[in-house]
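> Handing over run.txt, compact mmCIF, C-alpha atoms.
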```txt
# COMPACT_ATOMS: atom_id res chain seq x y z
CA MET I 1 76.18 195.00 120.58
CA ASN I 2 75.34 196.12 124.09
CA SER I 3 78.03 198.76 124.28
CA VAL I 4 77.42 202.35 123.37
CA PRO I 5 80.32 204.25 121.83
CA MET I 6 81.42 206.96 124.27
CA PHE I 7 84.24 209.47 124.07
CA LEU I 8 85.48 211.80 126.76
CA ILE I 9 86.94 215.07 125.48
CA ASN I 10 87.71 217.98 127.80
CA LYS I 11 85.32 216.76 130.52
CA ILE I 12 82.54 216.29 127.99
CA LEU I 13 81.21 212.80 127.41
CA LEU I 14 80.03 212.27 123.84
CA VAL I 15 77.46 209.52 123.49
CA SER I 16 75.83 208.42 120.26
CA LEU I 17 72.80 206.18 120.39
CA GLN I 18 72.37 204.07 117.31
CA GLY I 19 70.85 200.98 115.78
CA GLU I 20 67.88 199.00 116.97
CA ILE I 21 67.80 199.58 120.69
CA ASN I 22 65.81 197.03 122.66
CA ASP I 23 64.59 197.66 126.21
CA ASN I 24 67.49 195.90 127.94
CA MET I 25 70.03 197.77 125.84
CA ALA I 26 68.36 201.05 126.77
CA LEU I 27 68.75 200.26 130.46
CA SER I 28 72.35 199.16 130.02
CA PHE I 29 73.27 202.33 128.12
CA GLN I 30 71.72 204.37 130.94
CA LYS I 31 73.90 202.56 133.47
CA SER I 32 77.10 202.84 131.36
CA ILE I 33 76.67 206.59 130.98
CA LEU I 34 76.08 207.18 134.68
CA ASP I 35 79.03 204.93 135.63
CA LYS I 36 81.27 206.72 133.16
CA ILE I 37 80.36 210.16 134.56
CA TYR I 38 81.02 208.94 138.09
CA GLU I 39 84.39 207.38 137.12
CA THR I 40 85.68 210.24 135.00
CA GLY I 41 84.13 213.29 136.63
CA ALA I 42 82.71 214.38 133.28
CA LYS I 43 80.89 217.69 133.63
CA GLY I 44 78.82 217.53 130.49
CA VAL I 45 77.15 214.81 128.43
CA LEU I 46 76.13 215.11 124.80
CA LEU I 47 73.41 212.58 123.99
CA ASN I 48 73.33 212.43 120.22
CA ILE I 49 70.30 210.68 118.75
CA SER I 50 70.77 211.65 115.10
CA GLN I 51 71.15 207.97 114.19
CA LEU I 52 67.85 206.92 115.77
CA ASP I 53 64.95 206.36 113.38
CA ILE I 54 62.44 205.52 116.07
CA ILE I 55 61.91 206.46 119.70
CA ASP I 56 58.96 204.79 121.38
CA SER I 57 57.54 205.63 124.82
CA TYR I 58 59.92 203.26 126.60
CA LEU I 59 63.12 204.54 124.99
CA GLY I 60 61.86 208.12 125.24
CA ARG I 61 61.28 207.68 128.94
CA ILE I 62 64.74 206.13 129.42
CA ILE I 63 66.36 209.02 127.54
CA SER I 64 64.61 211.73 129.57
CA GLU I 65 65.21 209.84 132.83
CA THR I 66 68.89 209.51 131.92
CA ALA I 67 69.14 213.25 131.26
CA ARG I 68 67.66 213.98 134.71
CA MET I 69 69.91 211.39 136.40
CA ILE I 70 72.94 213.04 134.77
CA GLN I 71 71.84 216.30 136.39
CA LEU I 72 71.56 214.53 139.74
CA LEU I 73 75.22 213.54 139.39
CA GLY I 74 76.06 217.22 138.95
CA ALA I 75 76.71 217.14 135.24
CA LYS I 76 74.81 218.75 132.41
CA ALA I 77 73.08 216.82 129.63
CA VAL I 78 72.16 218.07 126.18
CA LEU I 79 70.16 216.01 123.72
CA THR I 80 70.93 216.61 120.05
CA GLY I 81 70.01 215.61 116.53
CA MET I 82 66.42 214.45 116.80
CA LYS I 83 65.03 213.69 113.35
CA PRO I 84 61.88 215.63 112.33
CA TYR I 85 59.76 212.51 111.92
CA VAL I 86 60.85 211.25 115.34
CA ALA I 87 59.77 214.60 116.83
CA VAL I 88 56.35 214.32 115.13
CA THR I 89 55.85 210.78 116.41
CA LEU I 90 56.96 211.55 119.97
CA GLU I 91 54.55 214.46 120.16
CA GLU I 92 51.63 212.43 118.77
CA LEU I 93 52.46 209.61 121.13
CA GLY I 94 52.18 212.12 123.96
CA LEU I 95 55.67 211.77 125.37
CA ASN I 96 56.82 214.70 127.42
CA MET I 97 60.55 215.41 127.35
CA GLN I 98 60.22 218.23 129.85
CA GLY I 99 63.36 219.06 131.80
CA VAL I 100 65.65 217.84 129.02
CA GLU I 101 67.85 220.45 127.39
CA ILE I 102 67.78 220.06 123.64
CA ALA I 103 70.00 221.50 120.92
CA MET I 104 69.52 221.30 117.17
CA ASN I 105 72.78 219.53 116.39
CA ALA I 106 75.94 218.17 117.99
CA ASP I 107 77.97 221.33 117.18
CA ILE I 108 75.58 223.55 119.13
CA GLY I 109 75.29 220.96 121.90
CA VAL I 110 79.07 220.79 122.35
CA LYS I 111 79.26 224.60 122.42
CA ILE I 112 76.64 224.75 125.21
CA LEU I 113 78.53 222.10 127.19
CA GLU I 114 81.94 223.77 126.65
CA ASP I 115 80.54 227.01 128.04
CA TYR I 116 79.10 225.13 131.00
CA VAL I 117 82.38 223.29 131.71
CA LYS I 118 84.33 226.56 131.48
CA ALA I 119 81.94 228.26 133.90
CA SER I 120 82.14 225.41 136.42
CA ASP I 121 85.97 225.34 136.17
CA PHE I 122 85.99 229.02 137.02
CA GLU I 123 83.87 228.36 140.12
CA GLU I 124 86.35 225.73 141.31
CA ILE I 125 89.29 228.09 140.96
CA SER I 126 87.60 230.88 142.85
CA ALA I 127 86.68 228.47 145.66
CA GLU I 128 90.37 227.54 145.99
CA ASP I 129 91.35 231.19 145.99
CA LEU I 130 89.21 231.79 149.04
CA GLU I 131 91.18 229.31 151.14
CA MET L 132 47.67 189.36 101.91
CA ILE L 133 49.71 188.38 104.95
CA LEU L 134 53.24 189.76 104.72
CA TYR L 135 54.72 188.76 108.06
CA GLU L 136 53.80 186.97 111.23
CA ILE L 137 55.93 187.50 114.32
CA HIS L 138 55.65 185.49 117.51
CA ILE L 139 56.29 187.53 120.61
CA LYS L 140 57.88 185.52 123.39
CA ASP L 141 61.05 187.40 124.13
CA GLU L 142 61.87 191.06 124.54
CA LYS L 143 63.97 190.87 121.35
CA ASP L 144 60.86 189.94 119.37
CA ILE L 145 59.60 193.50 119.89
CA VAL L 146 62.55 194.64 117.76
CA SER L 147 61.81 191.95 115.14
CA ALA L 148 58.18 193.12 114.91
CA ARG L 149 59.43 196.67 114.47
CA GLN L 150 61.84 195.67 111.71
CA ARG L 151 59.19 193.71 109.80
CA ALA L 152 56.73 196.60 110.09
CA ARG L 153 59.41 198.97 108.79
CA GLU L 154 60.09 196.67 105.83
CA ALA L 155 56.41 196.37 104.97
CA ALA L 156 55.75 200.12 105.26
CA LYS L 157 58.85 200.96 103.26
CA ASN L 158 57.99 198.51 100.45
CA MET L 159 54.50 200.01 100.24
CA ASN L 160 56.03 203.48 99.87
CA PHE L 161 54.62 205.00 103.03
CA SER L 162 56.25 208.38 103.76
CA ILE L 163 59.10 208.33 106.27
CA THR L 164 56.85 210.01 108.87
CA ASP L 165 54.10 207.41 108.37
CA GLN L 166 56.70 204.62 108.49
CA THR L 167 57.85 206.00 111.83
CA ARG L 168 54.25 206.24 113.13
CA ILE L 169 53.58 202.64 112.12
CA VAL L 170 56.83 201.29 113.56
CA THR L 171 56.32 203.21 116.81
CA ALA L 172 52.76 201.89 117.23
CA VAL L 173 54.02 198.35 116.53
CA SER L 174 56.71 198.81 119.17
CA GLU L 175 54.19 199.99 121.78
CA LEU L 176 51.61 197.27 121.11
CA SER L 177 54.15 194.44 120.81
CA ARG L 178 55.63 195.51 124.14
CA ASN L 179 52.15 195.38 125.67
CA ILE L 180 51.87 191.74 124.58
CA TYR L 181 55.25 190.93 126.10
CA VAL L 182 54.68 192.84 129.35
CA TYR L 183 51.06 191.86 130.06
CA ALA L 184 50.59 188.50 128.34
CA SER L 185 54.21 187.21 127.96
CA THR L 186 53.41 185.69 124.56
CA GLY L 187 51.31 186.47 121.55
CA ARG L 188 51.57 187.24 117.86
CA VAL L 189 51.72 190.13 115.48
CA VAL L 190 50.39 189.76 111.94
CA ILE L 191 51.23 192.33 109.28
CA GLU L 192 48.96 192.43 106.24
CA GLU L 193 48.62 194.46 103.08
CA ILE L 194 44.98 195.41 102.57
CA SER L 195 42.73 197.20 100.08
CA SER L 196 39.31 198.72 100.50
CA GLY L 197 37.77 200.28 97.40
CA THR L 198 40.52 202.50 96.04
CA LYS L 199 42.29 202.63 99.39
CA HIS L 200 45.44 200.69 99.99
CA GLY L 201 47.12 200.19 103.33
CA LEU L 202 48.61 198.15 106.13
CA MET L 203 46.65 196.24 108.74
CA ILE L 204 48.45 194.94 111.78
CA THR L 205 46.87 192.59 114.33
CA PHE L 206 48.18 192.09 117.86
CA GLU L 207 46.76 189.05 119.57
CA ASP L 208 47.42 187.43 122.90
CA GLN L 209 45.82 184.97 125.31
CA GLY L 210 46.81 187.01 128.34
CA PRO L 211 44.77 188.26 131.28
CA GLY L 212 42.77 190.67 129.12
CA ILE L 213 41.74 194.21 129.97
CA PRO L 214 38.93 194.53 132.53
CA ASP L 215 38.15 198.17 131.70
CA ILE L 216 39.03 199.17 128.13
CA ASP L 217 37.81 202.77 128.53
CA LYS L 218 40.15 203.19 131.46
CA ALA L 219 43.04 201.56 129.57
CA MET L 220 42.53 204.01 126.71
CA GLU L 221 42.88 206.96 129.07
CA GLU L 222 46.04 209.02 128.87
CA GLY L 223 48.48 208.18 131.63
CA TYR L 224 46.62 205.15 132.96
CA SER L 225 48.80 202.08 133.44
CA THR L 226 48.74 198.94 135.52
CA GLY L 227 52.29 198.12 134.43
CA LYS L 228 55.69 199.75 134.42
CA GLY L 229 54.91 202.08 131.53
CA MET L 230 53.62 205.62 131.44
CA GLY L 231 50.21 204.71 130.08
CA LEU L 232 50.93 206.11 126.63
CA GLY L 233 50.96 202.81 124.75
CA LEU L 234 47.25 202.44 123.89
CA PRO L 235 46.08 206.07 123.57
CA GLY L 236 49.38 207.08 121.92
CA SER L 237 49.28 204.26 119.37
CA LYS L 238 45.68 205.15 118.54
CA ARG L 239 46.77 208.67 117.62
CA LEU L 240 49.52 207.33 115.34
CA VAL L 241 47.24 205.28 113.08
CA ASP L 242 44.00 205.76 111.09
CA ASP L 243 41.97 202.90 112.59
CA PHE L 244 42.31 201.34 115.98
CA VAL L 245 40.00 198.60 117.24
CA ILE L 246 40.48 196.83 120.53
CA THR L 247 38.59 193.83 121.86
CA SER L 248 39.40 192.25 125.16
CA GLN L 249 37.79 190.24 127.89
CA PRO L 250 39.17 189.33 131.28
CA ASN L 251 40.91 185.93 131.09
CA ASN L 252 40.27 185.77 127.40
CA GLY L 253 43.12 187.72 125.90
CA THR L 254 43.33 190.93 123.94
CA LYS L 255 43.13 191.64 120.22
CA ILE L 256 44.04 194.98 118.72
CA ILE L 257 43.76 195.77 115.02
CA ILE L 258 45.35 198.91 113.61
CA LYS L 259 45.21 200.23 110.07
CA LYS L 260 47.16 202.88 108.24
CA TRP L 261 46.07 203.95 104.77
CA LEU L 262 48.40 205.19 102.08
```
Before anything else, please render the file you have as structure tokens.


Amino acid sequence: MNSVPMFLINKILLVSLQGEINDNMALSFQKSILDKIYETGAKGVLLNISQLDIIDSYLGRIISETARMIQLLGAKAVLTGMKPYVAVTLEELGLNMQGVEIAMNADIGVKILEDYVKASDFEEISAEDLE
Amino acid sequence: MILYEIHIKDEKDIVSARQRAREAAKNMNFSITDQTRIVTAVSELSRNIYVYASTGRVVIEEISSGTKHGLMITFEDQGPGIPDIDKAMEEGYSTGKGMGLGLPGSKRLVDDFVITSQPNNGTKIIIKKWL
């Protein structure tokens, strides 16, 4: 129940948050994602929330914190699939998701991350070429 | 008519309160956006009980007033109370680990919001959402 399904494909970590997430689960998913990036060297993380019917201020804060922590590890995070009524509620609640890159759906999110991974691969190659 | 009563004594009870509120709002045919507003407010205010008072209760009731029909939810605890309610209702003010969105944010999500609290005498919050 505490585990979040995660898949690594071409240096992109796909994470889907689902079900009733309590506060402890939110913290443990944050830790699992960061650990997984560190272990695998994932360059991009897709945080899909299309299965979430409610995001309160605590979960919202954990999600935006996680996105910023992913950036601190040198990877890129994209949040996808927010339901319209969740967006309405978050805004009325006053939660600011500033600094979090958001895409409309998982397809677009993956495309953004693929482009990012390709660009960072290219940088690595040119650094080697200089040696 | 009382629909549900939830005792808050564990972090998991926040999720139970949320689920009961969802059930009640759904059965009363609230729109999906209003269901989400109600469930989010319940999540915020139940967490406040758990964080600040450790224990308390949440009572979910179906109410009518004239031709109006709606949900009334009461959050009651015997915790330390709120010394300065005006301050607590301010955006971004928090004495706890949160972001200070719980009270002002929940107020924006519902139609009626009444809070009574005295230091050392607990806190009682009543919210209403009309159909």

> So which residues touch Thr164 (chain L) within 8 Å, counting only C-alpha atoms, skipping near sequence neighbours fewer than 6 positions away, as an MDAnalysis selection string?

chainID I and resid 85:86 88:89

> Using only C-alpha atoms, what table do you get, as JSON lines, when you list each residue of chain L with an atom no more than 7 Å from chain I, its nearest pair of atoms, and their distance in Å rounded to one decimal, rows by chain then rising number?


```
{"residue": "L:Lys143", "atom": "CA", "partner": "I:Asn22", "partner_atom": "CA", "distance": 6.6}
{"residue": "L:Val146", "atom": "CA", "partner": "I:Asn22", "partner_atom": "CA", "distance": 6.4}
{"residue": "L:Thr164", "atom": "CA", "partner": "I:Tyr85", "partner_atom": "CA", "distance": 4.9}
{"residue": "L:Thr167", "atom": "CA", "partner": "I:Ile54", "partner_atom": "CA", "distance": 6.3}
{"residue": "L:Arg168", "atom": "CA", "partner": "I:Thr89", "partner_atom": "CA", "distance": 5.8}
{"residue": "L:Thr171", "atom": "CA", "partner": "I:Asp56", "partner_atom": "CA", "distance": 5.5}
{"residue": "L:Ser174", "atom": "CA", "partner": "I:Asp56", "partner_atom": "CA", "distance": 6.8}
{"residue": "L:Glu175", "atom": "CA", "partner": "I:Asp56", "partner_atom": "CA", "distance": 6.8}
{"residue": "L:Leu232", "atom": "CA", "partner": "I:Gly94", "partner_atom": "CA", "distance": 6.7}
{"residue": "L:Gly236", "atom": "CA", "partner": "I:Leu93", "partner_atom": "CA", "distance": 4.1}
{"residue": "L:Ser237", "atom": "CA", "partner": "I:Leu93", "partner_atom": "CA", "distance": 6.5}
{"residue": "L:Arg239", "atom": "CA", "partner": "I:Glu92", "partner_atom": "CA", "distance": 6.3}
{"residue": "L:Leu240", "atom": "CA", "partner": "I:Glu92", "partner_atom": "CA", "distance": 6.5}
```

> What are the centre and edge lengths in Å, to one decimal, of the axis-aligned box around all listed atoms of region 14-19 of chain I with 3 Å added on each side, as AutoDock Vina command-line options?


```
--center_x 75.4 --center_y 206.6 --center_z 119.8 --size_x 15.2 --size_y 17.3 --size_z 14.1
```

> Write out as a VMD selection string which residues come within 10 Å of region 149-163 of chain L when counting only C-alpha atoms, dropping same-chain ones fewer than 6 positions away.

(chain I and resid 20 53 to 54 84 to 86) or (chain L and resid 134 to 137 169 to 175 177 189 to 193 200 to 202 204 260 to 262)

> List as a list in words the residues having at least one atom at most 8 Å from position (46.5, 196.9, 126.7) as given in the file, counting only C-alpha atoms.

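Those residues lying close to the given coordinates are Leu176, Asn179, Ile180, Tyr183, Gly212, Ile213, Ile216, Ala219, Gly233, Leu234 and Thr254 of chain L.
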
> List the residues sitting within 9 Å of (72.3, 217.3, 134.1) in the file's frame, using only C-alpha atoms, as a list in words.

Lys43, Gly44, Val45, Thr66, Ala67, Arg68, Met69, Ile70, Gln71, Leu72, Leu73, Gly74, Ala75, Lys76, Ala77, Val78, Val100 and Glu101 of chain I

> With all atoms listed in the file as the counted atoms, please give the residues lying no more than 7 Å from Ala184 (chain L), apart from itself and same-chain residues fewer than 6 positions off, as a ChimeraX atom specification.

/L:208-211

> Find the distance between CA of Leu27 (chain I) and CA of Lys238 (chain L) and write it in Å to one decimal.

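CA of Lys238 (chain L) lies 26.4 Å from CA of Leu27 (chain I).
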